[in-house]
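Pasted below: query-v7.tsv, TSV, C-alpha atoms and all ligand atoms.
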chain	number	residue	atom	x	y	z
A	1	MET	CA	0.00	0.00	0.00
A	2	SER	CA	1.33	3.40	-0.89
A	3	LYS	CA	1.56	5.94	1.85
A	4	LYS	CA	-0.98	8.72	2.25
A	5	GLN	CA	-0.18	11.88	0.33
A	6	LEU	CA	-0.80	15.35	1.67
A	7	LEU	CA	-1.91	18.03	-0.75
A	8	LYS	CA	-2.18	21.67	0.25
A	9	ILE	CA	-4.84	23.49	-1.72
A	10	ILE	CA	-5.49	27.17	-1.23
A	11	ILE	CA	-8.63	29.06	-2.18
A	12	LEU	CA	-8.23	32.58	-3.53
A	13	GLY	CA	-10.55	35.31	-4.73
A	14	ASP	CA	-12.32	38.45	-3.63
A	15	SER	CA	-14.17	38.71	-0.37
A	16	GLY	CA	-17.79	37.56	-0.63
A	17	VAL	CA	-17.44	35.28	-3.68
A	18	GLY	CA	-18.14	32.18	-1.58
A	19	LYS	CA	-14.72	30.69	-0.79
A	20	THR	CA	-15.59	29.74	2.79
A	21	SER	CA	-18.97	28.39	1.69
A	22	LEU	CA	-17.36	26.23	-1.01
A	23	MET	CA	-14.87	24.79	1.46
A	24	HIS	CA	-17.56	23.92	4.01
A	25	GLN	CA	-19.83	22.49	1.35
A	26	TYR	CA	-17.04	20.30	0.02
A	27	VAL	CA	-15.65	19.17	3.36
A	28	SER	CA	-18.77	18.84	5.49
A	29	LYS	CA	-21.72	19.15	3.06
A	30	LYS	CA	-23.01	22.19	4.89
A	31	PHE	CA	-24.14	25.59	3.70
A	32	ASP	CA	-24.81	28.49	6.02
A	33	ASN	CA	-26.58	31.53	4.64
A	34	ARG	CA	-25.34	33.91	7.30
A	35	TYR	CA	-22.40	35.96	6.22
A	36	LYS	CA	-19.39	35.33	8.44
A	37	ALA	CA	-16.16	37.05	7.55
A	38	THR	CA	-13.52	34.39	8.00
A	39	ILE	CA	-11.41	35.00	11.06
A	40	GLY	CA	-7.83	33.79	11.11
A	41	ALA	CA	-6.18	31.84	8.30
A	42	ASP	CA	-7.45	28.34	8.69
A	43	PHE	CA	-7.63	25.02	6.97
A	44	LEU	CA	-9.81	21.95	6.96
A	45	THR	CA	-8.66	18.47	6.03
A	46	LYS	CA	-10.60	15.95	3.99
A	47	ASP	CA	-9.44	12.43	3.32
A	48	VAL	CA	-10.19	11.21	-0.16
A	49	GLU	CA	-9.09	8.54	-2.58
A	50	ILE	CA	-7.86	9.72	-5.96
A	51	ASP	CA	-6.81	7.26	-8.66
A	52	GLY	CA	-6.41	4.55	-5.99
A	53	GLN	CA	-4.21	6.72	-3.82
A	54	SER	CA	-5.15	7.87	-0.29
A	55	VAL	CA	-4.86	11.62	-0.11
A	56	ALA	CA	-5.34	14.11	2.72
A	57	LEU	CA	-6.54	17.34	1.17
A	58	GLN	CA	-5.57	20.25	3.32
A	59	ILE	CA	-7.79	23.09	2.17
A	60	TRP	CA	-6.75	26.59	3.19
A	61	ASP	CA	-9.19	29.45	3.34
A	62	THR	CA	-8.22	33.10	3.54
A	63	ALA	CA	-8.41	35.09	6.72
A	64	GLY	CA	-10.91	37.68	5.53
A	65	GLN	CA	-7.88	39.69	4.44
A	66	GLU	CA	-8.55	39.40	0.75
A	67	ARG	CA	-6.51	42.38	-0.31
A	68	PHE	CA	-3.52	41.89	-2.53
A	69	GLN	CA	-0.33	41.10	-0.69
A	70	ALA	CA	-2.24	40.96	2.60
A	71	LEU	CA	-2.09	37.18	2.95
A	72	GLY	CA	0.96	36.04	4.86
A	73	SER	CA	3.63	33.84	3.34
A	74	ALA	CA	2.52	30.90	5.53
A	75	PHE	CA	-0.71	30.83	3.59
A	76	TYR	CA	1.07	30.25	0.30
A	77	ARG	CA	4.02	28.20	1.54
A	78	GLY	CA	4.07	24.67	0.16
A	79	ALA	CA	0.82	25.09	-1.76
A	80	ASP	CA	0.35	22.32	-4.32
A	81	ALA	CA	-2.61	23.86	-6.09
A	82	CYS	CA	-4.97	26.76	-6.14
A	83	ILE	CA	-8.69	27.22	-6.57
A	84	LEU	CA	-9.46	30.68	-7.94
A	85	VAL	CA	-13.00	31.79	-7.25
A	86	PHE	CA	-15.17	34.58	-8.61
A	87	ASP	CA	-18.88	35.30	-8.23
A	88	VAL	CA	-20.81	35.07	-11.52
A	89	THR	CA	-23.07	37.87	-10.24
A	90	GLN	CA	-20.14	40.25	-9.55
A	91	GLN	CA	-18.23	41.42	-12.59
A	92	GLU	CA	-15.61	43.02	-10.39
A	93	SER	CA	-14.66	39.73	-8.78
A	94	PHE	CA	-14.01	38.40	-12.28
A	95	ALA	CA	-11.92	41.43	-13.24
A	96	HIS	CA	-9.63	40.80	-10.25
A	97	LEU	CA	-8.75	37.23	-11.23
A	98	THR	CA	-5.60	38.12	-13.12
A	99	SER	CA	-4.17	39.88	-10.09
A	100	TRP	CA	-4.97	36.91	-7.85
A	101	MET	CA	-3.34	34.57	-10.31
A	102	GLN	CA	-0.20	36.71	-10.53
A	103	GLU	CA	-0.02	36.94	-6.77
A	104	PHE	CA	-0.31	33.16	-6.48
A	105	ASN	CA	2.36	32.55	-9.11
A	106	ILE	CA	4.75	34.93	-7.40
A	107	GLN	CA	4.15	33.56	-3.90
A	108	ALA	CA	3.82	29.84	-4.59
A	109	GLY	CA	5.51	29.35	-7.96
A	110	LYS	CA	3.66	27.87	-10.92
A	111	ARG	CA	1.16	25.31	-9.70
A	112	ASP	CA	-2.03	23.71	-10.86
A	113	CYS	CA	-5.07	25.84	-10.75
A	114	VAL	CA	-8.78	25.65	-11.48
A	115	LEU	CA	-11.21	28.50	-11.89
A	116	ILE	CA	-14.61	28.46	-10.20
A	117	GLY	CA	-17.53	30.72	-11.12
A	118	ASN	CA	-19.72	30.43	-8.02
A	119	LYS	CA	-23.37	31.33	-7.20
A	120	THR	CA	-24.87	29.89	-10.38
A	121	ASP	CA	-28.16	29.45	-8.48
A	122	LEU	CA	-28.56	33.24	-8.89
A	123	GLU	CA	-28.89	32.91	-12.68
A	124	ASP	CA	-31.12	36.00	-13.01
A	125	LYS	CA	-28.36	38.14	-11.49
A	126	ARG	CA	-25.57	36.75	-13.61
A	127	GLN	CA	-23.01	39.29	-14.95
A	128	VAL	CA	-20.29	36.97	-16.24
A	129	SER	CA	-21.14	34.35	-18.88
A	130	SER	CA	-19.49	30.96	-18.86
A	131	LYS	CA	-18.16	31.73	-22.33
A	132	VAL	CA	-16.26	34.79	-21.11
A	133	ALA	CA	-14.88	32.80	-18.17
A	134	GLN	CA	-13.75	30.01	-20.50
A	135	GLN	CA	-12.03	32.56	-22.72
A	136	TRP	CA	-10.15	33.86	-19.69
A	137	CYS	CA	-8.92	30.32	-19.03
A	138	GLN	CA	-7.73	29.93	-22.62
A	139	LYS	CA	-5.76	33.17	-22.41
A	140	ASN	CA	-3.93	31.73	-19.41
A	141	ASP	CA	-2.36	29.09	-21.55
A	142	ASP	CA	-1.47	26.56	-18.84
A	143	GLY	CA	-4.82	24.87	-19.41
A	144	ILE	CA	-6.79	26.10	-16.43
A	145	LYS	CA	-10.11	24.30	-16.22
A	146	TYR	CA	-13.32	26.18	-15.58
A	147	PHE	CA	-16.10	24.96	-13.28
A	148	GLU	CA	-19.41	26.54	-12.43
A	149	THR	CA	-20.68	25.92	-8.93
A	150	SER	CA	-23.33	26.72	-6.43
A	151	ALA	CA	-22.05	26.27	-2.90
A	152	LYS	CA	-25.63	26.83	-1.82
A	153	GLU	CA	-27.12	24.01	-3.87
A	154	ASN	CA	-23.99	21.85	-3.84
A	155	SER	CA	-23.59	21.70	-7.58
A	156	GLY	CA	-20.23	21.31	-9.29
A	157	VAL	CA	-18.30	21.64	-6.03
A	158	GLU	CA	-16.93	18.11	-5.70
A	159	GLU	CA	-15.88	18.01	-9.38
A	160	ALA	CA	-13.78	21.17	-9.08
A	161	PHE	CA	-11.95	20.05	-5.92
A	162	ILE	CA	-11.26	16.58	-7.29
A	163	CYS	CA	-10.01	17.94	-10.61
A	164	VAL	CA	-7.41	20.20	-9.05
A	165	ALA	CA	-6.36	17.56	-6.54
A	166	GLN	CA	-5.91	15.03	-9.33
A	167	ALA	CA	-3.69	17.39	-11.31
A	168	ALA	CA	-1.58	18.28	-8.27
A	169	LEU	CA	-1.23	14.63	-7.25
A	170	LYS	CA	0.34	13.76	-10.61
A	171	LYS	CA	3.20	16.16	-9.82
A	172	LYS	CA	3.93	14.72	-6.36
B	201	LIG	P1	-15.93	34.43	1.09
B	201	LIG	O1	-15.78	35.82	1.63
B	201	LIG	O2	-15.37	34.32	-0.30
B	201	LIG	O3	-15.41	33.39	2.01
B	201	LIG	O4	-17.50	34.17	0.89
B	201	LIG	P2	-18.52	33.41	1.85
B	201	LIG	O5	-18.40	31.94	1.72
B	201	LIG	O6	-18.44	33.98	3.23
B	201	LIG	O7	-19.92	33.81	1.17
B	201	LIG	C1	-20.31	35.16	1.04
B	201	LIG	C2	-21.84	35.22	0.98
B	201	LIG	O8	-22.30	34.61	-0.24
B	201	LIG	C3	-22.53	34.48	2.12
B	201	LIG	O9	-23.68	35.22	2.47
B	201	LIG	C4	-22.90	33.15	1.51
B	201	LIG	O10	-24.05	32.60	2.13
B	201	LIG	C5	-23.19	33.54	0.07
B	201	LIG	N1	-22.93	32.45	-0.87
B	201	LIG	C6	-21.82	31.68	-0.97
B	201	LIG	N2	-21.92	30.78	-1.95
B	201	LIG	C7	-23.15	30.97	-2.51
B	201	LIG	C8	-23.87	30.35	-3.58
B	201	LIG	O11	-23.42	29.40	-4.26
B	201	LIG	N3	-25.12	30.84	-3.87
B	201	LIG	C9	-25.67	31.87	-3.16
B	201	LIG	N4	-26.90	32.27	-3.51
B	201	LIG	N5	-25.03	32.47	-2.14
B	201	LIG	C10	-23.80	32.04	-1.82
B	202	MG	MG	-14.38	33.63	3.78
Please render this file's structure as structure tokens.
Amino acid sequence: MSKKQLLKIIILGDSGVGKTSLMHQYVSKKFDNRYKATIGADFLTKDVEIDGQSVALQIWDTAGQERFQALGSAFYRGADACILVFDVTQQESFAHLTSWMQEFNIQAGKRDCVLIGNKTDLEDKRQVSSKVAQQWCQKNDDGIKYFETSAKENSGVEEAFICVAQAALKKK
């Protein structure tokens, strides 16, 4: 039996896009409608099996300090992969993705990444089409995959986490 692998995955994106909600939905299948600004950089661990390998996914959420260069180096240190999140109902959160990506590449070095457009349950308020998001991924030519999710309705969440974990695991 091969030994359990640890993968550190960090979640980045503007405040309010649903990073904490996505993490809780993925790890504990819970969604809480009340807005809680995340206090203190924190992580949750989920044990999964990927391609027959036992993996401990250590998922790091930001400390409610989602300004550029405000996240400490401990947050980025040793990160194997990144989940970039924007809110499909907030154009601005999409516009900031490039800066988040650059920040991640500088702090953690080039790593696997997936893009999540969250809050697809609010379809009537949508400001960013999936086509535009996919085009953004193509411009970033390292083959970033795009997922649409609703942390509220638990759609697409598992797929996005597994995809990035799978890619990162191949490089271990
Ligand atoms: P964070 O600042 O990126 O960690 O965002 P949060 O997870 O704290 O979520 C911000 C707000 O958006 C909260 O009120 C959540 O309940 C709400 N939210 C998060 N994900 C979704 C979603 O998929 N759909 C809807 N309708 N609301 C969501
Ligand atoms: Mg949060």
Worksheet entry | stretch 49-55 of chain A surroundings by only C-alpha atoms, 9 Å radius, close-in-sequence under 3 positions cut, as a PyMOL selection string | chain A and resi 1-7+46+162+165-166+169
Worksheet item: Which neighbours of A:Val157 fall inside 8 Å, counting only C-alpha atoms, when residues of the same chain fewer than 4 positions from it are skipped, and could you give them as a ChimeraX atom specification?
Response: /A:22,25-26,149-151,161
Practice prompt. Excluding A:Val27 and any residue of its chain fewer than 6 positions from it, enumerate the residues within 12 Å of it, using only C-alpha atoms, and give them as a PyMOL selection string.
Written response: chain A and resi 20-21+43-48+56-60+151+154+157-158+161-162
First collect every listed atom of ligand LIG 201 (chain B); then fit an axis-aligned box around them, widen it by 4 Å on each side, and give centre and edge lengths in Å to one decimal, as JSON.
{"center_x": -21.1, "center_y": 32.6, "center_z": -0.5, "size_x": 19.5, "size_y": 14.4, "size_z": 15.5}
Worksheet, complete the sentence: Taken to one decimal, the atom P1 of ligand LIG 201 (chain B)-atom CA of A:Asp61 distance is 8.7 Å
Discussion item. Using all atoms listed in the file for the distances, tell me which of A:Val128, A:Leu12, A:Ala168, A:Met23 is nearest to A:Thr98.
Written reply: A:Leu12
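We find atom CA of A:Ile106 and atom CA of A:Cys82 to be spaced 12.8 Å apart.
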Item to complete: Select, from A:Ala74, A:Ala95, A:Ile9, A:Ile116, the residue with the minimum atom-to-atom distance to A:Ala167, counting only C-alpha atoms.
Response: A:Ile9
Item to complete: Go through A:Lys8, A:Lys152, A:Lys139, A:His96 one by one, measure the shortest atom-to-atom distance of each to ligand LIG 201 (chain B) using only C-alpha atoms and all ligand atoms, and give the residue with the smallest value.
Response: A:Lys152
Worksheet, complete the sentence: Computed gap from atom MG of ligand MG 202 (chain B) to atom CA of A:Ile11 is 9.5 Å
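Distance annotation: of A:Ser129, A:Gln135, A:Asn140, A:Thr120, the residue with the minimal separation from A:Gly156 is A:Thr120; atom set is all atoms listed in the file.
With distances restricted to only C-alpha atoms, A:Ala81 is the closest residue to A:Ile144 from A:Glu123, A:Ile10, A:Ala81, A:Glu103.
Of the listed residues A:Ser130, A:Ser93, A:Arg77, A:Ser28, the one whose atoms come nearest to ligand LIG 201 (chain B) is A:Ser93, with distances taken using only C-alpha atoms and all ligand atoms.
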